[in-house]
Each structure stands twice: as C-alpha cells, then as structure tokens.
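Report on the structure given below.
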Amino acid sequence: MKRALVIAAAPEEEIGYIRRLYEQWQPDLVLCADGGLQKANRLQIPCDVLMGDMDSGGGEGAREVVRFPAEKDYTDSQSCLREALARGCGQVVLAGATGGRLDHLLCNLHLLEWVEGQGAHGYVVDGGNVAQILRPGVVQVPAQFRYFSLIPLDPVLAGVDIRGAKYPLQNATVRRDDSLCVSNEALGQAVEIRIAHGQAFLIFSK
C-alpha cells in the first residue's frame with residue numbers, strides 16, 4: 001500500500017519529529033501544504049508536490065507545484081490529502097498541522113474522517129501526539145506513547161471494550177460530552193479496543 005506524508009504549515013517550535021517520521025514512515029509521496037515546504041527544506045526532506053495559495057510563503061525546491069487562488073473551497077492541507085489519495089496512496093500522515101489556529105487544528109483532525117470515508121487510513125502527528133479514527137469493530141493498536149484517549153465523534157459510543165489498559169472498560173457507553181476515556185494508560189505493547197456503535201478519535205500522547 002502506497003504511503004504519503006503531508007507536511008502542513010502550522011507554527012511549531014520543534015519540527016525534528018517530522019524528519020524522524022519521514023525516516024520511519026518511508027513514504028512513497030511527500031506533499032507540502034504551502035509553507036510546509038519551508039519545514040521540509042530545513043529538514044532536507046525532498047518534496048514531490050507543493051500545493052497552496054502561497055499565503056504562508058511557499059518556497060522553492062518542490063518537484064511539482066500546484067498553485068491555488070486565495071479564495072477556494074478547501075484548505076491547502078485538504079488539497080494535499082485529496083491529491084495523495086488521487087495518486088493511489090492508501091495511508092496518509094498529516095504532520096505539522098496542530099499548532100497555531102484552533103479552527104485549523106479542529107479542521108485537520110476532522111479531515112481524518114474524510115480520509116477514512118474515502119477508504120484510506122489517516123493519521124495526524126505532531127511532536128507529542130498521534131491521532132487516528134476508530135470505527136465500529138475490534139482493533140489492536142500499538143501503545144506508541146504512555147497515554148491514550150478515546151474521544152467520541154458521535155454523541156454516544158455504545159458497547160465500548162478496552163483491554164490491555166490501566167482503566168479497562170467492558171460494554172460501556174461513552175458520551176461525547178464526558179471525559180470518561182481521557183488519559184488512559186497502556187499496560188503493554190498493544191491495546192485492544194472494541195466499539196459496537198459510533199466512531200471516535202484515538203489519540204496517543206506523550
């Protein structure tokens with residue numbers, strides 16, 4: 001399965017994690033959303049496609065440039081995600097997308113829903129967190145960091161089981177307006193989560 005790394009332009013104090021992610025992920029395609037190219041250049045990550053209206057500075061050195069008008073229907077990050085899927089990537093990681101504006105942060109997290117809806121798998125990653133979407137079913141997820149949280153996207157998650165964690169659950173109901181599943185801790189190398197109904201963010205945090 002082809003993999004893509006999308007580098008966004010959100011302000012960050014530390015970007016070295018993107019280089020480590022690039023080396024571990026070994027993406028088939030690297031796309032930069034506008035000023036994300038400046039991060040790629042600083043980290044010596046080759047950019048295959050630069051996309052954006054260039055209001056964040058853009059940059060030089062991308063193999064291909066797709067320029068948009070400032071007034072458009074999609075953010076530069078979503079344009080990159082759409083392009084990655086159009087080029088056959090089934091897994092995408094969006095990095096550099098959580099700092100700065102709160103509206104952009106929330107939008108970037110919810111873009112994971114769009115990615116999953118297209119039949120692909122997506123992750124939002126920064127220096128201390130990995131976020132993904134969980135849908136109904138049973139999954140075993142690696143305990144990448146010490147803490148993990150299950151944040152409902154639907155008003156209610158039903159039939160929630162959590163195994164391999166400090167705070168297990170069995171056939172629980174989890175509400176979106178409640179903090180029941182925030183800051184759990186993995187006990188081993190993996191956590192098993194079952195959701196009977198509803199979908200949620202799964203966020204691992206340092």
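The way I read the labels, and the way they are meant: chains A, B, ... in the order of the structure tokens, residue 1 as the first residue of every chain, and ligand 1 as the first ligand shown, with later ones counted on from there.
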Kindly provide the residues of region 2-69 of chain A that approach region 95-106 of chain A to within 8 Å, each paired with its closest atom pair and their distance in Å to one decimal, based on only C-alpha atoms, listed by chain and increasing number, as a Markdown table.
```
| residue | atom | partner | partner_atom | distance |
| --- | --- | --- | --- | --- |
| A:Leu5 | CA | A:Ala95 | CA | 7.4 |
| A:Val6 | CA | A:Ala95 | CA | 6.1 |
| A:Ile7 | CA | A:Ala95 | CA | 5.0 |
| A:Ala8 | CA | A:Gly96 | CA | 4.8 |
| A:Ala9 | CA | A:Gly96 | CA | 6.1 |
| A:Ala10 | CA | A:Gly99 | CA | 5.1 |
| A:Pro11 | CA | A:Gly99 | CA | 5.2 |
| A:Glu12 | CA | A:Gly99 | CA | 5.8 |
| A:Ile15 | CA | A:Gly96 | CA | 7.6 |
| A:Ile18 | CA | A:Ala95 | CA | 6.8 |
| A:Gly36 | CA | A:Gly96 | CA | 7.4 |
```
Could those residues be written to a file, using N, CA, C and O atoms, as an mmCIF file, in the first residue's frame?
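Output saved as result00.cif:
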```
data_model
loop_
_atom_site.group_PDB
_atom_site.id
_atom_site.type_symbol
_atom_site.label_atom_id
_atom_site.label_comp_id
_atom_site.auth_asym_id
_atom_site.auth_seq_id
_atom_site.Cartn_x
_atom_site.Cartn_y
_atom_site.Cartn_z
ATOM 1 N N LEU A 5 3.207 11.317 3.011
ATOM 2 C CA LEU A 5 3.439 12.239 4.119
ATOM 3 C C LEU A 5 3.066 13.632 3.645
ATOM 4 O O LEU A 5 3.580 14.108 2.626
ATOM 5 N N VAL A 6 2.148 14.272 4.368
ATOM 6 C CA VAL A 6 1.749 15.643 4.083
ATOM 7 C C VAL A 6 2.304 16.528 5.195
ATOM 8 O O VAL A 6 2.064 16.280 6.374
ATOM 9 N N ILE A 7 3.050 17.562 4.807
ATOM 10 C CA ILE A 7 3.638 18.483 5.779
ATOM 11 C C ILE A 7 2.907 19.810 5.673
ATOM 12 O O ILE A 7 2.935 20.466 4.623
ATOM 13 N N ALA A 8 2.240 20.203 6.755
ATOM 14 C CA ALA A 8 1.467 21.435 6.789
ATOM 15 C C ALA A 8 2.291 22.570 7.389
ATOM 16 O O ALA A 8 3.394 22.366 7.907
ATOM 17 N N ALA A 9 1.713 23.771 7.352
ATOM 18 C CA ALA A 9 2.475 24.974 7.690
ATOM 19 C C ALA A 9 2.168 25.539 9.065
ATOM 20 O O ALA A 9 2.565 26.664 9.362
ATOM 21 N N ALA A 10 1.466 24.794 9.930
ATOM 22 C CA ALA A 10 1.143 25.318 11.255
ATOM 23 C C ALA A 10 2.423 25.655 12.017
ATOM 24 O O ALA A 10 3.434 24.948 11.901
ATOM 25 N N PRO A 11 2.411 26.734 12.804
ATOM 26 C CA PRO A 11 3.623 27.118 13.542
ATOM 27 C C PRO A 11 3.993 26.088 14.600
ATOM 28 O O PRO A 11 3.125 25.605 15.337
ATOM 29 N N GLU A 12 5.270 25.746 14.663
ATOM 30 C CA GLU A 12 5.766 24.763 15.631
ATOM 31 C C GLU A 12 7.137 25.188 16.108
ATOM 32 O O GLU A 12 7.952 25.689 15.321
ATOM 33 N N ILE A 15 10.459 20.857 15.048
ATOM 34 C CA ILE A 15 9.983 20.119 13.880
ATOM 35 C C ILE A 15 10.814 18.876 13.580
ATOM 36 O O ILE A 15 10.561 18.182 12.602
ATOM 37 N N ILE A 18 9.349 15.511 12.414
ATOM 38 C CA ILE A 18 8.921 15.263 11.037
ATOM 39 C C ILE A 18 10.009 14.519 10.272
ATOM 40 O O ILE A 18 9.715 13.611 9.478
ATOM 41 N N GLY A 36 4.543 24.574 4.458
ATOM 42 C CA GLY A 36 5.111 23.317 4.913
ATOM 43 C C GLY A 36 6.401 22.976 4.178
ATOM 44 O O GLY A 36 7.244 22.239 4.696
#
```
> If we count only C-alpha atoms, what is near region 41-52 of chain A at a cut-off of 10 Å, once residues fewer than 4 positions away on the same chain are taken out, given as a PyMOL selection string?
Replying inline: chain A and resi 5-7+15-20+22-23+28-37+56-70+72+74-80+83-84
>> Let me make sure I understand: among A:Tyr167, A:Trp25, A:Phe148, A:Phe201, which one has the smallest atom-to-atom distance to Gly128 (chain A) if we use only C-alpha atoms?
In response: A:Phe148
>> If DSSP is run on the backbone, what residues of region 81-138 of chain A are strand (DSSP E or B)? A reply as a PyMOL selection string would be ideal.
In response: chain A and resi 89-95+121-125+129-134+137-138
For C-alpha atoms, I'd like the residues from the last selection saved as a PDB file, in the first residue's frame.
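Just written: again.pdb:
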```pdb
ATOM      1  CA  CYS A  89      -1.936   6.341  -1.528  1.00  0.00           C
ATOM      2  CA  GLY A  90      -3.928   4.267   0.946  1.00  0.00           C
ATOM      3  CA  GLN A  91      -2.223   5.586   4.077  1.00  0.00           C
ATOM      4  CA  VAL A  92      -1.528   9.248   4.776  1.00  0.00           C
ATOM      5  CA  VAL A  93       0.144  11.040   7.642  1.00  0.00           C
ATOM      6  CA  LEU A  94      -0.537  14.741   8.185  1.00  0.00           C
ATOM      7  CA  ALA A  95       2.274  16.395  10.144  1.00  0.00           C
ATOM      8  CA  HIS A 121      -6.292   5.402   6.623  1.00  0.00           C
ATOM      9  CA  GLY A 122      -5.060   8.683   8.030  1.00  0.00           C
ATOM     10  CA  TYR A 123      -3.091   9.972  10.997  1.00  0.00           C
ATOM     11  CA  VAL A 124      -2.404  13.436  12.398  1.00  0.00           C
ATOM     12  CA  VAL A 125       1.020  13.511  14.049  1.00  0.00           C
ATOM     13  CA  ASN A 129       0.704  13.006  19.729  1.00  0.00           C
ATOM     14  CA  VAL A 130      -0.672  10.559  17.169  1.00  0.00           C
ATOM     15  CA  ALA A 131      -4.383  10.770  16.287  1.00  0.00           C
ATOM     16  CA  GLN A 132      -6.473   8.429  14.175  1.00  0.00           C
ATOM     17  CA  ILE A 133     -10.123   7.463  13.657  1.00  0.00           C
ATOM     18  CA  LEU A 134     -11.686   4.335  15.128  1.00  0.00           C
ATOM     19  CA  GLY A 137     -15.227  -3.154  15.243  1.00  0.00           C
ATOM     20  CA  VAL A 138     -12.314  -4.594  17.179  1.00  0.00           C
TER      21      VAL A 138
END
```
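The shell of residues at most 9 Å from Leu153 (chain A), with only C-alpha atoms counted and near chain neighbours (fewer than 4 positions) removed, consists of Leu157, Arg176, Gly198, Gln199, Ala200 and Phe201 of chain A.
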